[in-house]
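Shown here: target_7.csv, CSV, C-alpha atoms and all ligand atoms.
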```
chain,number,residue,atom,x,y,z
A,1,MET,CA,-53.0,-39.8,48.4
A,2,THR,CA,-55.4,-41.0,45.7
A,3,MET,CA,-54.9,-42.0,42.1
A,4,LYS,CA,-57.0,-43.0,39.1
A,5,SER,CA,-57.3,-46.8,38.6
A,6,VAL,CA,-59.5,-49.0,36.4
A,7,LEU,CA,-61.5,-51.5,38.5
A,8,ILE,CA,-64.5,-53.8,38.5
A,9,ARG,CA,-66.7,-54.4,41.6
A,10,ALA,CA,-68.6,-57.3,39.9
A,11,TYR,CA,-67.8,-59.7,37.1
A,12,GLY,CA,-69.5,-59.0,33.7
A,13,SER,CA,-69.3,-56.9,30.6
A,14,ASN,CA,-67.6,-53.6,30.0
A,15,GLU,CA,-70.5,-52.0,32.0
A,16,GLN,CA,-68.7,-53.1,35.1
A,17,VAL,CA,-65.5,-51.3,34.2
A,18,GLU,CA,-65.0,-48.0,35.9
A,19,LEU,CA,-62.2,-45.4,36.3
A,20,ALA,CA,-62.2,-44.8,40.0
A,21,ASP,CA,-60.3,-42.8,42.6
A,22,VAL,CA,-58.5,-45.3,44.9
A,23,ALA,CA,-55.7,-45.0,47.4
A,24,ARG,CA,-52.2,-44.9,45.9
A,25,PRO,CA,-50.4,-48.1,46.9
A,26,VAL,CA,-47.3,-48.2,49.0
A,27,PRO,CA,-44.5,-50.6,48.1
A,28,ASN,CA,-43.7,-53.4,50.6
A,29,ALA,CA,-40.3,-55.0,50.9
A,30,ASN,CA,-38.9,-56.1,47.6
A,31,GLU,CA,-41.5,-54.2,45.6
A,32,VAL,CA,-41.4,-50.9,43.7
A,33,LEU,CA,-44.0,-48.3,43.1
A,34,ILE,CA,-44.1,-47.3,39.4
A,35,ARG,CA,-45.5,-44.0,38.0
A,36,VAL,CA,-47.3,-45.6,35.1
A,37,GLN,CA,-47.0,-43.9,31.6
A,38,ALA,CA,-48.4,-46.7,29.5
A,39,ALA,CA,-50.0,-50.1,29.9
A,40,GLY,CA,-50.5,-52.9,27.4
A,41,VAL,CA,-54.0,-54.4,27.0
A,42,ASN,CA,-54.2,-58.2,26.9
A,43,PRO,CA,-57.0,-60.8,26.5
A,44,ILE,CA,-56.5,-61.8,30.1
A,45,ASP,CA,-57.8,-58.4,31.2
A,46,TRP,CA,-61.3,-58.9,29.7
A,47,LYS,CA,-61.2,-62.5,30.6
A,48,ILE,CA,-60.7,-61.5,34.3
A,49,ARG,CA,-63.5,-59.0,33.9
A,50,ASP,CA,-65.7,-61.7,32.5
A,51,GLY,CA,-65.2,-64.0,35.5
A,52,ALA,CA,-61.8,-65.7,35.1
A,53,GLY,CA,-60.6,-63.6,38.1
A,54,GLN,CA,-62.6,-66.0,40.3
A,55,ARG,CA,-60.8,-69.0,38.9
A,56,MET,CA,-57.5,-67.2,39.4
A,57,GLY,CA,-58.3,-66.7,43.1
A,58,LYS,CA,-58.8,-62.9,42.9
A,59,THR,CA,-61.2,-61.1,45.1
A,60,LEU,CA,-63.5,-58.2,44.1
A,61,PRO,CA,-63.0,-55.3,43.6
A,62,ILE,CA,-60.3,-56.1,41.1
A,63,GLN,CA,-58.0,-53.4,39.7
A,64,LEU,CA,-57.4,-54.4,36.0
A,65,GLY,CA,-54.2,-54.3,34.0
A,66,SER,CA,-51.3,-56.8,33.7
A,67,GLU,CA,-48.3,-54.9,32.4
A,68,VAL,CA,-46.9,-51.4,32.8
A,69,VAL,CA,-44.2,-49.1,31.6
A,70,GLY,CA,-43.2,-46.1,33.7
A,71,THR,CA,-40.6,-44.6,36.1
A,72,ILE,CA,-39.8,-45.7,39.6
A,73,GLU,CA,-41.6,-43.5,42.1
A,74,ALA,CA,-40.6,-45.3,45.3
A,75,LEU,CA,-38.6,-48.3,46.4
A,76,GLY,CA,-39.6,-50.8,49.0
A,77,ALA,CA,-37.2,-52.1,51.6
A,78,GLY,CA,-34.4,-54.3,50.2
A,79,VAL,CA,-34.6,-53.1,46.6
A,80,ASP,CA,-31.1,-52.0,45.6
A,81,ARG,CA,-30.9,-52.9,41.9
A,82,PHE,CA,-33.0,-49.8,40.8
A,83,ARG,CA,-33.1,-46.1,41.5
A,84,GLU,CA,-36.0,-43.7,41.7
A,85,GLY,CA,-36.8,-42.1,38.4
A,86,GLU,CA,-35.5,-45.0,36.3
A,87,ALA,CA,-37.6,-46.1,33.3
A,88,VAL,CA,-38.7,-49.7,33.7
A,89,TYR,CA,-41.3,-52.2,32.6
A,90,ALA,CA,-42.9,-55.3,34.1
A,91,MET,CA,-45.8,-57.7,34.3
A,92,VAL,CA,-47.9,-56.9,37.4
A,93,SER,CA,-50.4,-59.2,39.1
A,94,SER,CA,-53.1,-56.5,39.0
A,95,GLY,CA,-53.6,-52.7,38.8
A,96,GLY,CA,-51.7,-51.9,35.7
A,97,PHE,CA,-54.4,-49.6,34.3
A,98,ALA,CA,-53.7,-46.9,36.8
A,99,GLN,CA,-51.6,-43.9,37.5
A,100,TYR,CA,-49.4,-45.9,39.9
A,101,ALA,CA,-48.8,-49.7,40.1
A,102,ILE,CA,-46.9,-52.0,42.3
A,103,ALA,CA,-44.4,-54.5,40.8
A,104,GLN,CA,-42.1,-57.1,42.4
A,105,ALA,CA,-38.5,-55.9,42.0
A,106,ASN,CA,-37.5,-59.3,40.6
A,107,HIS,CA,-40.1,-58.9,37.8
A,108,LEU,CA,-38.7,-55.6,36.5
A,109,ALA,CA,-36.4,-54.7,33.7
A,110,ARG,CA,-35.1,-51.4,32.3
A,111,ILE,CA,-36.9,-50.5,29.1
A,112,PRO,CA,-35.1,-50.9,25.8
A,113,ASN,CA,-33.2,-47.7,24.9
A,114,ASN,CA,-34.6,-47.6,21.4
A,115,LEU,CA,-38.3,-47.7,22.1
A,116,ASP,CA,-40.9,-45.1,23.1
A,117,ILE,CA,-43.1,-46.0,26.1
A,118,VAL,CA,-46.0,-47.0,23.9
A,119,HIS,CA,-44.0,-49.7,22.1
A,120,ALA,CA,-42.3,-50.8,25.3
A,121,ALA,CA,-45.7,-51.4,26.7
A,122,ALA,CA,-46.3,-54.1,24.1
A,123,LEU,CA,-43.6,-56.3,25.4
A,124,PRO,CA,-43.7,-57.5,29.0
A,125,LEU,CA,-46.7,-59.9,29.0
A,126,ALA,CA,-46.8,-61.0,25.4
A,127,GLY,CA,-43.0,-61.1,25.1
A,128,THR,CA,-42.5,-63.1,28.3
A,129,THR,CA,-45.3,-65.5,27.2
A,130,ALA,CA,-43.7,-66.1,23.8
A,131,TRP,CA,-40.2,-66.6,25.4
A,132,GLN,CA,-41.3,-69.0,28.1
A,133,ALA,CA,-43.5,-71.1,25.8
A,134,LEU,CA,-41.0,-71.4,23.0
A,135,PHE,CA,-37.8,-71.9,24.9
A,136,ASP,CA,-38.5,-72.8,28.5
A,137,GLU,CA,-41.5,-75.2,27.7
A,138,ALA,CA,-41.0,-76.4,24.1
A,139,GLY,CA,-37.2,-76.2,24.1
A,140,LEU,CA,-37.2,-74.8,20.5
A,141,SER,CA,-33.8,-75.0,18.9
A,142,ALA,CA,-32.1,-73.8,15.7
A,143,GLY,CA,-33.2,-75.6,12.6
A,144,GLN,CA,-36.5,-76.9,14.0
A,145,ARG,CA,-39.8,-76.4,12.2
A,146,LEU,CA,-42.2,-74.3,14.2
A,147,LEU,CA,-45.9,-73.5,13.4
A,148,ILE,CA,-47.7,-70.7,15.2
A,149,THR,CA,-51.5,-71.0,15.1
A,150,ASN,CA,-52.2,-67.3,15.5
A,151,SER,CA,-49.1,-65.4,14.4
A,152,SER,CA,-50.6,-61.9,14.0
A,153,GLY,CA,-51.7,-61.2,17.6
A,154,GLY,CA,-49.7,-59.8,20.5
A,155,VAL,CA,-48.0,-63.1,21.5
A,156,GLY,CA,-47.7,-64.7,18.0
A,157,SER,CA,-46.1,-61.6,16.4
A,158,LEU,CA,-43.4,-61.6,19.0
A,159,ALA,CA,-43.0,-65.4,19.1
A,160,LEU,CA,-42.4,-65.4,15.4
A,161,GLN,CA,-39.5,-62.9,15.7
A,162,LEU,CA,-38.0,-64.7,18.7
A,163,ALA,CA,-38.1,-68.0,16.9
A,164,LYS,CA,-36.4,-66.6,13.8
A,165,VAL,CA,-33.6,-65.1,15.9
A,166,HIS,CA,-33.1,-68.6,17.3
A,167,GLY,CA,-32.8,-70.1,13.9
A,168,ALA,CA,-36.1,-71.9,13.6
A,169,HIS,CA,-38.0,-72.3,10.4
A,170,VAL,CA,-41.4,-70.6,11.0
A,171,THR,CA,-44.8,-71.4,9.4
A,172,ALA,CA,-47.1,-68.6,10.3
A,173,VAL,CA,-50.9,-69.1,10.3
A,174,ALA,CA,-52.9,-65.9,9.9
A,175,SER,CA,-55.6,-64.3,7.8
A,176,GLY,CA,-54.8,-63.0,4.4
A,177,ARG,CA,-55.0,-59.4,5.5
A,178,ASN,CA,-52.0,-60.1,7.8
A,179,GLU,CA,-49.9,-62.0,5.3
A,180,ALA,CA,-47.6,-59.0,4.5
A,181,PHE,CA,-47.3,-58.3,8.3
A,182,VAL,CA,-46.2,-61.8,9.3
A,183,ARG,CA,-43.9,-62.2,6.3
A,184,GLY,CA,-42.3,-58.9,7.3
A,185,LEU,CA,-41.7,-60.3,10.7
A,186,GLY,CA,-39.7,-63.1,9.1
A,187,ALA,CA,-42.2,-66.0,8.5
A,188,ASP,CA,-40.6,-68.6,6.1
A,189,ALA,CA,-44.0,-69.9,5.1
A,190,PHE,CA,-47.5,-68.5,5.4
A,191,ILE,CA,-50.9,-70.2,5.5
A,192,ASP,CA,-54.1,-68.2,5.2
A,193,TYR,CA,-56.5,-70.0,7.6
A,194,THR,CA,-59.5,-68.3,6.0
A,195,ARG,CA,-58.7,-70.0,2.6
A,196,GLU,CA,-57.7,-73.5,3.6
A,197,PRO,CA,-57.5,-75.8,6.6
A,198,PHE,CA,-54.0,-75.1,7.8
A,199,GLU,CA,-53.5,-78.7,9.0
A,200,GLU,CA,-53.9,-79.9,5.5
A,201,ALA,CA,-51.3,-77.5,4.1
A,202,VAL,CA,-48.4,-78.5,6.3
A,203,GLY,CA,-46.9,-81.5,8.2
A,204,ASP,CA,-43.8,-82.8,9.8
A,205,ILE,CA,-43.7,-79.8,12.2
A,206,ASP,CA,-41.3,-80.2,15.3
A,207,VAL,CA,-43.1,-77.6,17.5
A,208,VAL,CA,-46.5,-76.0,17.4
A,209,LEU,CA,-47.0,-72.9,19.5
A,210,ASP,CA,-50.8,-72.6,19.9
A,211,THR,CA,-51.9,-69.1,20.6
A,212,MET,CA,-55.5,-69.7,19.5
A,213,GLY,CA,-57.0,-72.6,21.5
A,214,GLY,CA,-60.4,-74.3,20.8
A,215,GLU,CA,-60.7,-76.3,17.7
A,216,THR,CA,-57.6,-74.7,16.2
A,217,PHE,CA,-55.6,-76.3,19.0
A,218,GLN,CA,-57.2,-79.7,18.2
A,219,ARG,CA,-56.6,-79.4,14.5
A,220,ALA,CA,-53.0,-78.4,14.9
A,221,PHE,CA,-52.0,-81.8,16.2
A,222,LYS,CA,-52.3,-83.1,12.6
A,223,CYS,CA,-49.3,-80.9,11.7
A,224,LEU,CA,-46.9,-82.3,14.2
A,225,ARG,CA,-44.4,-85.1,13.5
A,226,LYS,CA,-44.5,-88.1,15.9
A,227,GLY,CA,-42.6,-87.1,19.0
A,228,GLY,CA,-43.1,-83.4,18.3
A,229,VAL,CA,-44.1,-80.8,20.9
A,230,MET,CA,-47.3,-78.9,21.2
A,231,VAL,CA,-47.1,-76.0,23.5
A,232,THR,CA,-50.4,-74.0,24.1
A,233,VAL,CA,-50.9,-70.8,26.0
A,234,VAL,CA,-54.7,-71.0,25.6
A,235,ALA,CA,-56.1,-74.6,25.7
A,236,PHE,CA,-56.3,-76.9,28.7
A,237,PRO,CA,-54.9,-80.2,27.3
A,238,GLN,CA,-56.6,-83.5,28.1
A,239,ASP,CA,-55.4,-86.8,26.6
A,240,GLU,CA,-53.9,-85.4,23.4
A,241,ALA,CA,-50.4,-86.5,24.2
A,242,GLU,CA,-51.3,-90.2,24.1
A,243,ARG,CA,-53.7,-89.8,21.3
A,244,PHE,CA,-51.2,-88.1,18.9
A,245,GLY,CA,-47.9,-89.5,20.2
A,246,VAL,CA,-46.5,-86.1,21.0
A,247,THR,CA,-45.5,-84.1,24.0
A,248,VAL,CA,-48.1,-81.5,25.1
A,249,LYS,CA,-47.4,-78.6,27.4
A,250,ARG,CA,-49.6,-75.8,28.8
A,251,SER,CA,-47.5,-72.7,29.3
A,252,ALA,CA,-48.6,-70.4,32.1
A,253,THR,CA,-46.6,-67.2,31.9
A,254,LEU,CA,-44.6,-66.3,35.1
A,255,PRO,CA,-43.4,-62.7,35.4
A,256,SER,CA,-39.7,-62.8,35.1
A,257,ALA,CA,-37.0,-60.1,34.9
A,258,ALA,CA,-34.7,-62.7,33.3
A,259,SER,CA,-37.1,-63.4,30.4
A,260,LEU,CA,-37.8,-59.7,30.0
A,261,ALA,CA,-34.1,-58.8,30.0
A,262,GLN,CA,-33.3,-61.3,27.2
A,263,ILE,CA,-36.1,-59.8,25.1
A,264,THR,CA,-34.9,-56.3,25.9
A,265,THR,CA,-31.4,-57.2,24.5
A,266,LEU,CA,-32.9,-58.5,21.3
A,267,VAL,CA,-35.1,-55.4,20.9
A,268,GLU,CA,-32.1,-53.1,21.4
A,269,ALA,CA,-30.2,-55.1,18.7
A,270,ALA,CA,-33.2,-54.4,16.4
A,271,LYS,CA,-33.8,-58.1,16.0
A,272,VAL,CA,-37.3,-57.9,17.6
A,273,VAL,CA,-39.7,-55.1,16.9
A,274,PRO,CA,-43.1,-54.8,18.8
A,275,HIS,CA,-46.1,-53.7,16.8
A,276,VAL,CA,-48.8,-51.5,18.3
A,277,GLU,CA,-52.1,-51.3,16.4
A,278,SER,CA,-54.0,-48.8,18.5
A,279,VAL,CA,-53.4,-46.4,21.4
A,280,PHE,CA,-56.1,-45.1,23.8
A,281,PRO,CA,-56.0,-42.8,26.8
A,282,LEU,CA,-56.7,-44.5,30.1
A,283,ALA,CA,-60.2,-43.0,30.2
A,284,GLU,CA,-61.1,-45.0,27.1
A,285,VAL,CA,-60.3,-48.3,28.6
A,286,ARG,CA,-63.7,-49.7,27.7
A,287,GLN,CA,-63.1,-49.1,24.0
A,288,ALA,CA,-59.6,-50.7,24.3
A,289,LEU,CA,-61.0,-53.8,26.0
A,290,ALA,CA,-63.8,-54.1,23.5
A,291,LEU,CA,-61.3,-53.9,20.6
A,292,SER,CA,-59.1,-56.6,22.2
A,293,GLU,CA,-62.2,-58.8,22.8
A,294,ALA,CA,-63.2,-58.5,19.1
A,295,GLY,CA,-60.1,-60.7,18.5
A,296,ARG,CA,-58.8,-58.9,15.4
A,297,THR,CA,-55.9,-57.0,16.9
A,298,ARG,CA,-52.6,-57.0,14.9
A,299,GLY,CA,-49.9,-56.8,17.5
A,300,LYS,CA,-51.0,-54.9,20.6
A,301,ILE,CA,-53.3,-52.3,22.0
A,302,VAL,CA,-51.8,-49.9,24.5
A,303,LEU,CA,-53.3,-47.4,27.0
A,304,THR,CA,-51.5,-44.2,27.8
A,305,VAL,CA,-51.7,-42.7,31.3
A,306,SER,CA,-51.5,-39.0,32.1
A,307,HIS,CA,-50.9,-37.5,35.5
B,1,LIG,N1,-51.1,-68.8,29.2
B,1,LIG,C1,-50.7,-67.6,29.4
B,1,LIG,O1,-50.1,-67.3,30.4
B,1,LIG,C2,-51.1,-66.6,28.4
B,1,LIG,C3,-50.3,-65.4,28.3
B,1,LIG,C4,-50.6,-64.5,27.2
B,1,LIG,C5,-51.7,-64.7,26.4
B,1,LIG,N2,-52.4,-65.9,26.6
B,1,LIG,C6,-53.6,-66.2,25.7
B,1,LIG,O2,-53.1,-66.3,24.3
B,1,LIG,C7,-54.1,-65.9,23.4
B,1,LIG,C8,-53.5,-65.0,22.4
B,1,LIG,O3,-53.2,-63.8,23.0
B,1,LIG,P1,-52.8,-62.5,22.1
B,1,LIG,O4,-52.6,-61.4,23.0
B,1,LIG,O5,-51.7,-62.9,21.1
B,1,LIG,O6,-54.2,-62.4,21.2
B,1,LIG,P2,-54.7,-61.3,20.3
B,1,LIG,O7,-53.6,-60.3,20.1
B,1,LIG,O8,-55.9,-60.7,20.8
B,1,LIG,O9,-54.9,-62.1,18.9
B,1,LIG,C9,-55.6,-61.4,17.9
B,1,LIG,C10,-55.1,-61.9,16.5
B,1,LIG,O10,-55.7,-63.2,16.3
B,1,LIG,C11,-55.9,-63.3,14.9
B,1,LIG,N3,-56.9,-64.4,14.7
B,1,LIG,C12,-58.2,-64.4,15.0
B,1,LIG,N4,-58.8,-65.6,14.7
B,1,LIG,C13,-57.8,-66.4,14.3
B,1,LIG,C14,-57.7,-67.8,13.8
B,1,LIG,N5,-58.8,-68.5,13.8
B,1,LIG,N6,-56.5,-68.3,13.5
B,1,LIG,C15,-55.4,-67.5,13.5
B,1,LIG,N7,-55.4,-66.2,13.9
B,1,LIG,C16,-56.6,-65.7,14.3
B,1,LIG,C17,-56.5,-62.0,14.5
B,1,LIG,O11,-56.3,-61.6,13.2
B,1,LIG,P3,-57.4,-62.1,12.1
B,1,LIG,O12,-58.8,-61.9,12.7
B,1,LIG,O13,-57.2,-61.2,10.9
B,1,LIG,O14,-57.1,-63.5,11.8
B,1,LIG,C18,-55.6,-61.0,15.4
B,1,LIG,O15,-54.4,-60.6,14.7
B,1,LIG,C19,-55.2,-65.3,24.2
B,1,LIG,O16,-56.2,-66.3,24.4
B,1,LIG,C20,-54.6,-65.0,25.6
B,1,LIG,O17,-55.5,-65.0,26.7
B,1,LIG,C21,-52.1,-66.8,27.5
```

Here is a file; write its structure as structure tokens.
Ligand SMILES: NC(=O)c1ccc[n+]([C@@H]2O[C@H](COP(=O)([O-])OP(=O)(O)OC[C@H]3O[C@@H](n4cnc5c(N)ncnc54)[C@H](OP(=O)(O)O)[C@@H]3O)[C@@H](O)[C@H]2O)c1
Amino acid sequence: MTMKSVLIRAYGSNEQVELADVARPVPNANEVLIRVQAAGVNPIDWKIRDGAGQRMGKTLPIQLGSEVVGTIEALGAGVDRFREGEAVYAMVSSGGFAQYAIAQANHLARIPNNLDIVHAAALPLAGTTAWQALFDEAGLSAGQRLLITNSSGGVGSLALQLAKVHGAHVTAVASGRNEAFVRGLGADAFIDYTREPFEEAVGDIDVVLDTMGGETFQRAFKCLRKGGVMVTVVAFPQDEAERFGVTVKRSATLPSAASLAQITTLVEAAKVVPHVESVFPLAEVRQALALSEAGRTRGKIVLTVSH
């Protein structure tokens, strides 16, 4: 049996991205086959297309797509926590932009009962990233002062809400056009990075979540108190811990049913609400990737998949 899947046969621009007919995968032991209904688009997808796939140990051709929402089509041997037909979501190691995708059973969670599939698709990768960076890596606790360097994107907009639920005081850095958005998500303080250097506007921060990288990551150290924690999901730290007298962590997101289940609970309690800016059909994947790459997305971009 064949299916539609988005793949690249060589690294490069969107010219390399094609919607191809490929063999429908078969789940191995401890895997499930998901009939995909929607798939979130993330910067990692165009970074892999650009060449990061090589650094990550992937081999061409690569099927793109890192998170899916859908129903369980088939169960591999040894999977007994789920049933065929159940609505689930997960991070996947590749092949999320397709009609069917394979996920590890221990990466899967049932989708929140109060979200449609498009909004559910905004959660697995960005939500897990925010959760693991804030709580598993930085150990953020109630009452601490958190600064998020890019609080309007997919990761930052969820991190902001998760941090508020956990009782942190959140300073959101974003552009002025996103002020109402991030304040609506619960930001206690807001800095428009287009108007002033954010590192001169705030200090004595306990934890910085860096979702921007580059020179923003470097400048954000000025905001931290001595002994504070910098957690970045973008930069590759060098000697900043010694230079600034802080703890520095690089958080690499690991697919996890446990992280996703905790996020699901908060979504069902209406304490966390994903925001989807744009929706494209799978056939318009190039436009979706180009929009993500432009770097201006508020919340997330989602692809819908028809059968
Ligand atoms: N380590 C991991 O495992 C992991 C996991 C997930 C994501 N990531 C990485 O984390 C980064 C963020 O991902 P994402 O999905 O949240 O990105 P995103 O959604 O594409 O971020 C877009 C947002 O960034 C804002 N922005 C642009 N320039 C900014 C600046 N100088 N300062 C503050 N905000 C700015 C944009 O609004 P304005 O233009 O209006 O400001 C837009 O709202 C990416 O590099 C991604 O690859 C890493």

Segment 50-155 of chain A residues near segment 277-291 of chain A within 8 Å, closest pair each, using only C-alpha atoms, as a tab-separated table:
```
residue	atom	partner	partner_atom	distance
A:Phe97	CA	A:Leu282	CA	7.0
A:Ala98	CA	A:Leu282	CA	7.7
A:Val118	CA	A:Val279	CA	7.8
```

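Minimum atom-to-atom distance to ligand LIG 1 (chain B), evaluated using only C-alpha atoms and all ligand atoms, belongs to A:Arg250 out of A:His169, A:Arg250, A:His307, A:Arg195.
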
Checklist entry - Which residues come within 6 Å of Gly96 of chain A, counting all atoms listed in the file, excluding same-chain residues fewer than 5 positions away, as a PyMOL selection string? => result chain A and resi 65-68+101

Mind dumping the selected residues with C-alpha atoms as a compact mmCIF listing (two decimals), in the coordinates of the input?
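Saved to out-v4.txt:
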```
# COMPACT_ATOMS: atom_id res chain seq x y z
CA GLY A 65 -54.20 -54.30 34.00
CA SER A 66 -51.30 -56.80 33.70
CA GLU A 67 -48.30 -54.90 32.40
CA VAL A 68 -46.90 -51.40 32.80
CA ALA A 101 -48.80 -49.70 40.10
```

Given all atoms listed in the file, how would the per-residue table for chain A near ligand LIG 1 (chain B) read, listing every residue at most 8 Å away with its closest atom pair and distance in Å to one decimal, sorted by chain and number, as JSON lines?
```
{"residue": "A:Asn42", "atom": "CA", "partner": "B:LIG1", "partner_atom": "O4", "distance": 5.3}
{"residue": "A:Pro43", "atom": "CA", "partner": "B:LIG1", "partner_atom": "O17", "distance": 4.5}
{"residue": "A:Ile44", "atom": "CA", "partner": "B:LIG1", "partner_atom": "O17", "distance": 4.8}
{"residue": "A:Lys47", "atom": "CA", "partner": "B:LIG1", "partner_atom": "O17", "distance": 7.3}
{"residue": "A:Leu125", "atom": "CA", "partner": "B:LIG1", "partner_atom": "C4", "distance": 6.3}
{"residue": "A:Ala126", "atom": "CA", "partner": "B:LIG1", "partner_atom": "C4", "distance": 5.5}
{"residue": "A:Thr129", "atom": "CA", "partner": "B:LIG1", "partner_atom": "C3", "distance": 5.1}
{"residue": "A:Ala130", "atom": "CA", "partner": "B:LIG1", "partner_atom": "C4", "distance": 7.9}
{"residue": "A:Thr149", "atom": "CA", "partner": "B:LIG1", "partner_atom": "C15", "distance": 5.5}
{"residue": "A:Asn150", "atom": "CA", "partner": "B:LIG1", "partner_atom": "N7", "distance": 3.7}
{"residue": "A:Ser151", "atom": "CA", "partner": "B:LIG1", "partner_atom": "N7", "distance": 6.4}
{"residue": "A:Ser152", "atom": "CA", "partner": "B:LIG1", "partner_atom": "O15", "distance": 4.1}
{"residue": "A:Gly153", "atom": "CA", "partner": "B:LIG1", "partner_atom": "O7", "distance": 3.3}
{"residue": "A:Gly154", "atom": "CA", "partner": "B:LIG1", "partner_atom": "O5", "distance": 3.7}
{"residue": "A:Val155", "atom": "CA", "partner": "B:LIG1", "partner_atom": "O5", "distance": 3.7}
{"residue": "A:Gly156", "atom": "CA", "partner": "B:LIG1", "partner_atom": "O5", "distance": 5.4}
{"residue": "A:Ser157", "atom": "CA", "partner": "B:LIG1", "partner_atom": "O5", "distance": 7.4}
{"residue": "A:Val173", "atom": "CA", "partner": "B:LIG1", "partner_atom": "C15", "distance": 5.7}
{"residue": "A:Ala174", "atom": "CA", "partner": "B:LIG1", "partner_atom": "C15", "distance": 4.7}
{"residue": "A:Ser175", "atom": "CA", "partner": "B:LIG1", "partner_atom": "O14", "distance": 4.3}
{"residue": "A:Gly176", "atom": "CA", "partner": "B:LIG1", "partner_atom": "O13", "distance": 7.2}
{"residue": "A:Arg177", "atom": "CA", "partner": "B:LIG1", "partner_atom": "O13", "distance": 6.1}
{"residue": "A:Asn178", "atom": "CA", "partner": "B:LIG1", "partner_atom": "O13", "distance": 6.2}
{"residue": "A:Tyr193", "atom": "CA", "partner": "B:LIG1", "partner_atom": "N6", "distance": 6.1}
{"residue": "A:Thr194", "atom": "CA", "partner": "B:LIG1", "partner_atom": "N5", "distance": 7.8}
{"residue": "A:Thr211", "atom": "CA", "partner": "B:LIG1", "partner_atom": "C8", "distance": 4.8}
{"residue": "A:Met212", "atom": "CA", "partner": "B:LIG1", "partner_atom": "C7", "distance": 5.6}
{"residue": "A:Gly213", "atom": "CA", "partner": "B:LIG1", "partner_atom": "O16", "distance": 7.0}
{"residue": "A:Thr216", "atom": "CA", "partner": "B:LIG1", "partner_atom": "N5", "distance": 6.8}
{"residue": "A:Thr232", "atom": "CA", "partner": "B:LIG1", "partner_atom": "N1", "distance": 7.3}
{"residue": "A:Val233", "atom": "CA", "partner": "B:LIG1", "partner_atom": "N1", "distance": 3.8}
{"residue": "A:Val234", "atom": "CA", "partner": "B:LIG1", "partner_atom": "C6", "distance": 4.9}
{"residue": "A:Arg250", "atom": "CA", "partner": "B:LIG1", "partner_atom": "N1", "distance": 7.2}
{"residue": "A:Ser251", "atom": "CA", "partner": "B:LIG1", "partner_atom": "N1", "distance": 5.3}
{"residue": "A:Ala252", "atom": "CA", "partner": "B:LIG1", "partner_atom": "O1", "distance": 3.8}
{"residue": "A:Thr253", "atom": "CA", "partner": "B:LIG1", "partner_atom": "O1", "distance": 3.8}
{"residue": "A:Leu254", "atom": "CA", "partner": "B:LIG1", "partner_atom": "O1", "distance": 7.3}
{"residue": "A:Ser292", "atom": "CA", "partner": "B:LIG1", "partner_atom": "O8", "distance": 5.4}
{"residue": "A:Glu293", "atom": "CA", "partner": "B:LIG1", "partner_atom": "O8", "distance": 6.9}
{"residue": "A:Ala294", "atom": "CA", "partner": "B:LIG1", "partner_atom": "O8", "distance": 7.8}
{"residue": "A:Gly295", "atom": "CA", "partner": "B:LIG1", "partner_atom": "C9", "distance": 4.6}
{"residue": "A:Arg296", "atom": "CA", "partner": "B:LIG1", "partner_atom": "C18", "distance": 3.8}
{"residue": "A:Thr297", "atom": "CA", "partner": "B:LIG1", "partner_atom": "C18", "distance": 4.3}
{"residue": "A:Arg298", "atom": "CA", "partner": "B:LIG1", "partner_atom": "O15", "distance": 4.0}
{"residue": "A:Gly299", "atom": "CA", "partner": "B:LIG1", "partner_atom": "O7", "distance": 5.7}
{"residue": "A:Lys300", "atom": "CA", "partner": "B:LIG1", "partner_atom": "O7", "distance": 6.0}
```

Checklist entry - Using all atoms listed in the file, which of the listed residues (A:Ala10, A:Ala142, A:Val92, A:Val267) sits closest to Gly53 of chain A? => result A:Ala10
